[in-house]
$ cat coords38.txt   # compact mmCIF, C-alpha atoms
# COMPACT_ATOMS: atom_id res chain seq x y z
CA GLY L 1 96.83 201.04 53.59
CA VAL L 2 95.00 203.26 56.05
CA LEU L 3 97.37 206.18 55.42
CA ASP L 4 98.60 207.49 52.08
CA PRO L 5 102.20 208.66 51.43
CA GLU L 6 101.37 212.35 51.87
CA GLU L 7 99.71 211.71 55.24
CA ILE L 8 102.63 209.58 56.37
CA GLN L 9 105.06 212.36 55.48
CA CYS L 10 103.00 214.86 57.49
CA LEU L 11 103.18 212.57 60.51
CA LEU L 12 106.92 212.04 60.14
CA ASP L 13 107.53 215.77 59.73
CA GLY L 14 105.46 216.49 62.83
CA LEU L 15 107.39 213.92 64.82
CA ASP L 16 110.70 215.42 63.70
CA GLU L 17 109.48 218.83 64.90
CA THR L 18 108.44 217.52 68.33
CA ALA L 19 110.47 219.08 71.13
CA PRO L 20 113.05 216.69 72.63
CA ASN L 21 111.63 217.20 76.14
CA GLU L 22 108.31 215.74 74.97
CA LEU L 23 109.93 212.50 73.81
CA THR L 24 110.66 209.51 76.02
CA VAL L 25 114.04 208.11 74.99
CA LEU L 26 114.80 204.69 76.47
CA PRO L 27 118.32 203.23 76.71
CA ASN L 28 117.45 200.26 74.49
CA GLY L 29 117.02 202.29 71.31
CA ILE L 30 113.29 202.98 71.69
CA THR L 31 111.77 206.47 71.57
CA LEU L 32 108.10 206.95 72.52
CA TYR L 33 105.69 209.85 72.08
CA PRO L 34 103.65 210.29 74.15
CA GLU L 35 105.08 208.30 77.03
CA SER L 36 103.79 204.80 77.68
CA PHE L 37 101.24 203.83 80.33
CA SER L 38 103.75 201.27 81.63
CA GLN L 39 106.08 204.01 82.82
CA GLN L 40 103.50 205.25 85.31
CA ASP L 41 104.10 202.24 87.58
CA GLN L 42 107.81 203.03 87.61
CA LYS L 43 107.67 206.68 88.62
CA VAL L 44 108.51 208.03 92.04
CA GLY L 45 106.18 210.36 93.88
CA ASP L 46 102.43 210.29 94.43
CA PRO L 47 100.93 207.65 92.06
CA SER L 48 97.58 209.45 91.90
CA GLU L 49 99.21 212.72 90.90
CA ASN L 50 101.41 210.94 88.36
CA LEU L 51 98.36 209.36 86.71
CA ARG L 52 96.44 212.63 86.80
CA ALA L 53 99.26 214.45 85.02
CA TYR L 54 99.64 211.57 82.55
CA PHE L 55 95.96 211.53 81.54
CA GLN L 56 95.86 215.31 81.24
CA ALA L 57 98.91 215.20 78.96
CA CYS L 58 97.29 212.47 76.83
CA ALA L 59 94.11 214.53 76.48
CA LEU L 60 96.21 217.49 75.32
CA PHE L 61 98.02 215.22 72.85
CA ARG L 62 94.64 214.30 71.32
CA GLN L 63 93.40 217.89 71.21
CA ARG L 64 96.50 219.16 69.43
CA PHE L 65 97.10 216.19 67.14
CA LEU L 66 95.27 217.34 63.99
CA LYS L 67 96.76 220.84 64.07
CA ARG L 68 100.21 219.51 64.85
CA PHE L 69 100.36 216.57 62.44
CA GLY L 70 97.75 217.42 59.80
CA VAL L 71 96.08 213.99 59.89
CA SER L 72 93.26 212.77 62.14
CA VAL L 73 94.77 209.37 62.89
CA GLU L 74 92.37 208.75 65.77
CA GLN L 75 89.35 209.21 63.49
CA ARG L 76 90.93 207.00 60.82
CA LEU L 77 91.56 204.23 63.34
CA GLN L 78 88.07 204.61 64.77
CA THR L 79 86.54 204.15 61.31
CA VAL L 80 88.47 200.91 60.79
CA PHE L 81 87.78 199.56 64.27
CA ASP L 82 84.06 200.40 64.02
CA ALA L 83 83.88 198.39 60.80
CA LEU L 84 85.39 195.38 62.59
CA ALA L 85 83.44 195.72 65.84
CA GLY L 86 80.17 194.01 64.89
CA GLY L 87 77.94 197.03 65.38
CA ARG L 88 79.71 198.35 68.46
CA ARG L 89 81.47 201.69 68.65
CA SER L 90 85.19 202.09 69.26
CA ASN L 91 86.39 204.77 71.65
CA VAL L 92 89.44 206.00 73.51
CA PRO L 93 88.82 205.48 77.25
CA GLN L 94 88.68 208.31 79.74
CA GLY L 95 91.42 208.56 82.30
CA PHE L 96 90.91 207.03 85.72
CA GLY L 97 88.45 209.01 87.80
CA GLY L 98 87.25 210.86 84.70
CA VAL L 99 90.46 212.92 84.50
CA GLY L 100 91.70 213.51 80.96
CA SER L 101 91.95 210.45 78.75
CA PHE L 102 94.25 207.79 77.44
CA ALA L 103 96.11 208.47 74.19
CA PRO L 104 94.68 206.60 71.18
CA CYS L 105 98.11 205.59 69.91
CA SER L 106 101.76 206.47 70.30
CA PHE L 107 104.72 206.95 68.02
CA ARG L 108 107.39 204.27 68.47
CA ARG L 109 110.80 204.85 66.92
CA LEU L 110 113.31 201.99 66.91
CA THR L 111 116.78 203.41 66.37
CA SER L 112 118.94 201.73 63.76
CA GLY L 113 121.53 199.36 65.21
CA LEU L 114 119.91 199.11 68.62
CA GLY L 115 116.12 199.41 68.67
CA ARG L 116 113.99 196.29 69.10
CA PHE L 117 111.06 195.02 71.15
CA ASN L 118 112.14 191.97 73.11
CA ASP L 119 110.07 188.78 73.29
CA HIS L 120 106.85 189.41 75.20
CA CYS L 121 103.09 189.16 75.12
CA GLY L 122 100.50 191.59 76.46
CA ASN L 123 99.26 189.29 79.23
CA LEU L 124 102.76 189.40 80.72
CA PHE L 125 102.29 193.13 81.40
CA HIS L 126 99.56 192.46 83.97
CA ALA L 127 102.17 191.13 86.39
CA GLU L 128 104.87 193.63 85.37
CA PHE L 129 102.63 196.71 85.78
CA PRO L 130 100.03 195.52 88.30
CA LYS L 131 98.97 198.89 89.71
CA PHE L 132 98.05 200.28 86.33
CA TYR L 133 96.20 197.19 85.12
CA GLU L 134 94.36 196.90 88.43
CA LYS L 135 92.80 200.28 87.67
CA LEU L 136 92.19 199.49 83.99
CA SER L 137 90.56 196.08 84.50
CA PRO L 138 87.14 197.37 85.73
CA LEU L 139 86.76 199.14 82.38
CA VAL L 140 88.43 196.88 79.82
CA LYS L 141 88.80 193.14 79.28
CA ILE L 142 92.55 193.26 79.58
CA HIS L 143 93.16 189.52 79.16
CA ASP L 144 94.16 188.64 75.57
CA GLN L 145 94.04 192.25 74.39
CA LEU L 146 94.89 192.90 70.75
CA SER L 147 97.84 194.95 69.53
CA PHE L 148 97.82 197.25 66.51
CA PHE L 149 100.27 199.43 64.65
CA VAL L 150 100.58 201.41 61.44
CA VAL L 151 103.99 201.56 59.77
CA LEU L 152 105.16 205.09 59.00
CA GLN L 153 108.76 204.32 58.09
CA GLN L 154 110.06 200.86 57.31
CA ALA L 155 113.54 199.79 58.35
CA GLN L 156 115.90 199.08 55.48
CA GLN L 157 116.83 195.86 57.25
CA GLY L 158 115.39 194.19 60.35
CA GLY L 159 112.40 195.58 62.24
CA GLU L 160 110.15 192.66 61.30
CA LEU L 161 107.34 191.57 63.61
CA ILE L 162 107.78 187.90 64.53
CA LEU L 163 104.89 185.88 65.95
CA PHE L 164 105.94 182.67 67.70
CA ASP L 165 104.04 179.41 68.01
CA ALA L 166 103.94 179.96 71.78
CA LEU L 167 100.72 181.06 73.47
CA TRP L 168 100.22 182.51 76.93
CA ASP L 169 97.76 179.79 78.00
CA HIS L 170 100.60 177.26 77.81
CA VAL L 171 103.71 179.43 78.23
CA LYS L 172 103.86 182.00 81.03
CA ILE L 173 107.48 182.01 82.22
CA ARG L 174 110.58 183.71 80.84
CA SER L 175 113.34 181.51 82.23
CA ASP L 176 116.11 183.13 84.28
CA GLY L 177 115.23 186.56 82.95
CA ASP L 178 116.12 185.55 79.38
CA ALA L 179 113.34 186.92 77.18
CA ALA L 180 114.11 184.40 74.41
CA HIS L 181 114.02 181.34 76.68
CA LEU L 182 110.49 180.39 77.77
CA LEU L 183 109.26 177.58 79.98
CA GLY L 184 105.91 175.93 79.24
CA GLU L 185 103.51 174.68 81.88
CA ASP L 186 104.20 171.14 80.65
CA GLY L 187 107.94 171.58 81.29
CA ARG L 188 108.82 172.16 77.65
CA THR L 189 111.40 174.83 76.88
CA TYR L 190 110.86 177.30 74.06
CA GLU L 191 114.09 178.62 72.55
CA LEU L 192 112.75 181.54 70.54
CA ASN L 193 116.10 182.29 68.92
CA ASP L 194 116.16 178.84 67.30
CA PRO L 195 113.72 178.60 64.34
CA SER L 196 114.12 174.81 64.37
CA LYS L 197 112.71 174.66 67.91
CA VAL L 198 109.78 177.08 67.71
CA ARG L 199 107.79 177.86 64.57
CA ARG L 200 107.44 181.51 63.69
CA GLN L 201 105.65 183.84 61.31
CA LEU L 202 107.50 186.90 60.04
CA ILE L 203 105.46 190.00 59.16
CA ASN L 204 107.06 192.99 57.46
CA PRO L 205 104.30 195.47 56.55
CA ARG L 206 104.84 198.44 54.29
CA PRO L 207 104.27 202.11 55.15
CA GLY L 208 100.58 202.85 55.60
CA ASP L 209 99.64 199.26 56.44
CA LEU L 210 97.63 198.63 59.62
CA ILE L 211 98.43 195.40 61.46
CA ILE L 212 96.12 193.97 64.15
CA PHE L 213 97.18 190.79 65.92
CA GLY L 214 96.65 188.85 69.14
CA GLY L 215 99.51 190.46 71.00
CA GLY L 216 97.98 189.66 74.37
CA HIS L 217 98.36 185.90 74.09
CA ILE L 218 100.89 185.38 71.27
CA TRP L 219 104.55 185.69 72.23
CA HIS L 220 106.19 188.06 69.75
CA ARG L 221 109.10 190.39 69.15
CA VAL L 222 110.24 193.09 66.75
CA GLU L 223 113.70 192.33 65.38
CA THR L 224 116.60 194.74 65.83
CA VAL L 225 116.58 197.50 63.24
CA GLU L 226 119.65 197.56 60.98
CA GLY L 227 120.78 199.87 58.18
CA PRO L 228 120.59 203.66 57.98
CA ARG L 229 116.84 204.08 58.51
CA ASP L 230 114.93 203.94 61.82
CA ARG L 231 111.66 202.01 62.05
CA ILE L 232 108.76 204.31 63.01
CA THR L 233 105.22 203.16 63.78
CA LEU L 234 102.04 204.42 65.42
CA GLY L 235 100.50 201.79 67.66
CA GLY L 236 98.53 200.75 70.70
CA PHE L 237 96.14 198.21 72.13
CA LEU L 238 92.56 197.18 71.44
CA ALA L 239 90.05 195.32 73.64
CA ASN L 240 86.37 194.90 74.45
CA SER L 241 84.80 196.91 77.24
CA ASN L 242 83.75 194.80 80.22
CA ASP L 243 80.08 195.21 79.29
CA ASP L 244 80.81 194.21 75.66
CA GLN L 245 79.00 197.33 74.43
CA SER L 246 82.04 199.02 72.91
CA ILE L 247 85.65 198.60 71.84
CA TYR L 248 88.41 200.58 73.49
CA PHE L 249 91.75 201.48 71.94
CA TRP L 250 94.61 203.11 73.81
CA THR L 251 98.34 203.18 74.32

$ encode --input "coords38.txt" --output "structure tokens"
Amino acid sequence: GVLDPEEIQCLLDGLDETAPNELTVLPNGITLYPESFSQQDQKVGDPSENLRAYFQACALFRQRFLKRFGVSVEQRLQTVFDALAGGRRSNVPQGFGGVGSFAPCSFRRLTSGLGRFNDHCGNLFHAEFPKFYEKLSPLVKIHDQLSFFVVLQQAQQGGELILFDALWDHVKIRSDGDAAHLLGEDGRTYELNDPSKVRRQLINPRPGDLIIFGGGHIWHRVETVEGPRDRITLGGFLANSNDDQSIYFWT
């Protein structure tokens, strides 16, 4: 893995010590730290000021991370991504207008008995959060972005990543708002809850493992966490810069 047990424990301890007002607790059993880019499109008030405050907070998160958590996760990720980038450098992008920066990754806690990530793919976000992606697209090739995460705490039951044999190029519609019921461009329906209808690959990495997958174009989910232990990961997104000179990772 990219993190050893002692480093993982430092990260978990630091997360436990994080003030509640710094955490974003969603009603579907998901807790994020720092908050997600997607939430910026949903805020009231001046969008420019919201983004400015967001990028400044992300820059502060990066500056304080090593002292707060005892592990330079950003540097560790950068080393791995550089090795995979074919001679290009990986970087965390600056915030829009040169203000602050993105965060390199975020903690995601899925609460036992409730927490899950519903069926989605990254390309779907472009329509769901258009204002944010409109600003990001001049910098990053947002189409077919990759997803990555490192497991810090594995669920005792559930919490598996499931990749479906359903790709964005052929399947772009979630029917009637049902995340598990997709409609293909050829008229075919994809019932993601029925393994006999749609093939799937189940991935259940162990603590310290880094997973990189085509989350932009592959429909996927994380199963509901069961048992006494929450599922905790650090994750984000990965994509080429528009000039193909570097790799950007962010959350």

$ closest_residue --input "coords38.txt" --among "L:Val2, L:Leu182, L:Asn204, L:Asp230" --to "L:Val80" --atoms "only C-alpha atoms"
L:Val2

$ closest_atom_pairs --input "coords38.txt" --of "stretch 1-28 of chain L" --to "stretch 113-121 of chain L" --cutoff "10 Å" --atoms "all atoms listed in the file" --output "CSV"
residue,atom,partner,partner_atom,distance
L:Leu26,CA,L:Gly115,CA,9.5
L:Pro27,CA,L:Gly115,CA,9.2
L:Asn28,CA,L:Gly115,CA,6.0

$ atom_distance --input "coords38.txt" --atom1 "atom CA of L:Gly236" --atom2 "atom CA of L:Val150"
9.5 Å

$ closest_residue --input "coords38.txt" --among "L:Phe249, L:Tyr133, L:Ile218, L:Gly98" --to "L:Gln201" --atoms "all atoms listed in the file"
L:Ile218

$ atom_distance --input "coords38.txt" --atom1 "atom CA of L:Val71" --atom2 "atom CA of L:Tyr54"
23.1 Å

$ residues_near_point --input "coords38.txt" --point "(120.5, 199.9, 61.0)" --cutoff "10 Å" --atoms "all atoms listed in the file" --output "PyMOL selection string"
chain L and resi 110-115+155-159+224-231

$ write_last_selection --input "coords38.txt" --atoms "C-alpha atoms" --output "PDB file, in the coordinates of the input"
ATOM      1  CA  LEU L 110     113.310 201.990  66.910  1.00  0.00           C
ATOM      2  CA  THR L 111     116.780 203.410  66.370  1.00  0.00           C
ATOM      3  CA  SER L 112     118.940 201.730  63.760  1.00  0.00           C
ATOM      4  CA  GLY L 113     121.530 199.360  65.210  1.00  0.00           C
ATOM      5  CA  LEU L 114     119.910 199.110  68.620  1.00  0.00           C
ATOM      6  CA  GLY L 115     116.120 199.410  68.670  1.00  0.00           C
ATOM      7  CA  ALA L 155     113.540 199.790  58.350  1.00  0.00           C
ATOM      8  CA  GLN L 156     115.900 199.080  55.480  1.00  0.00           C
ATOM      9  CA  GLN L 157     116.830 195.860  57.250  1.00  0.00           C
ATOM     10  CA  GLY L 158     115.390 194.190  60.350  1.00  0.00           C
ATOM     11  CA  GLY L 159     112.400 195.580  62.240  1.00  0.00           C
ATOM     12  CA  THR L 224     116.600 194.740  65.830  1.00  0.00           C
ATOM     13  CA  VAL L 225     116.580 197.500  63.240  1.00  0.00           C
ATOM     14  CA  GLU L 226     119.650 197.560  60.980  1.00  0.00           C
ATOM     15  CA  GLY L 227     120.780 199.870  58.180  1.00  0.00           C
ATOM     16  CA  PRO L 228     120.590 203.660  57.980  1.00  0.00           C
ATOM     17  CA  ARG L 229     116.840 204.080  58.510  1.00  0.00           C
ATOM     18  CA  ASP L 230     114.930 203.940  61.820  1.00  0.00           C
ATOM     19  CA  ARG L 231     111.660 202.010  62.050  1.00  0.00           C
TER      20      ARG L 231
END

$ closest_residue --input "coords38.txt" --among "L:Leu3, L:Ile142, L:Ile203, L:Val198" --to "L:His126" --atoms "only C-alpha atoms"
L:Ile142

$ residues_around --input "coords38.txt" --residues "L:Thr189" --least-positions-apart "3" --cutoff "12 Å" --atoms "all atoms listed in the file" --output "list in words"
Ala166, His170, Val171, Lys172, Ile173, Arg174, Ser175, Asp178, Ala180, His181, Leu182, Leu183, Gly184, Glu185, Asp186, Leu192, Asn193, Asp194, Lys197 and Val198 of chain L

$ residues_around --input "coords38.txt" --residues "L:Ile162" --least-positions-apart "3" --cutoff "7 Å" --atoms "all atoms listed in the file" --output "JSON, numbers by chain"
{"L": [200, 201, 202, 203, 220, 221, 222]}

$ closest_residue --input "coords38.txt" --among "L:Ala85, L:Asp209, L:Pro130, L:Trp168" --to "L:Leu238" --atoms "all atoms listed in the file"
L:Ala85

$ residues_near_point --input "coords38.txt" --point "(98.2, 201.0, 82.5)" --cutoff "12 Å" --atoms "only C-alpha atoms" --output "VMD selection string"
chain L and resid 35 to 42 47 50 to 51 54 to 55 93 95 to 96 101 to 103 122 125 to 137 139 to 140 142 236 to 237 250 to 251

$ atom_distance --input "coords38.txt" --atom1 "atom CA of L:Cys105" --atom2 "atom CA of L:Asp46"
25.3 Å

$ residues_around --input "coords38.txt" --residues "L:Gly235" --least-positions-apart "6" --cutoff "6 Å" --atoms "all atoms listed in the file" --output "PyMOL selection string"
chain L and resi 105-106+148-149

$ residues_around --input "coords38.txt" --residues "L:Pro20" --least-positions-apart "5" --cutoff "12 Å" --atoms "only C-alpha atoms" --output "list in words"
Leu15, Val25, Thr31, Leu32, Tyr33 and Pro34 of chain L

$ closest_residue --input "coords38.txt" --among "L:Val99, L:Ala179, L:Leu124, L:Ile211" --to "L:Leu161" --atoms "all atoms listed in the file"
L:Ile211

$ closest_residue --input "coords38.txt" --among "L:Cys58, L:Leu210, L:His217, L:Thr24" --to "L:Asn123" --atoms "all atoms listed in the file"
L:His217
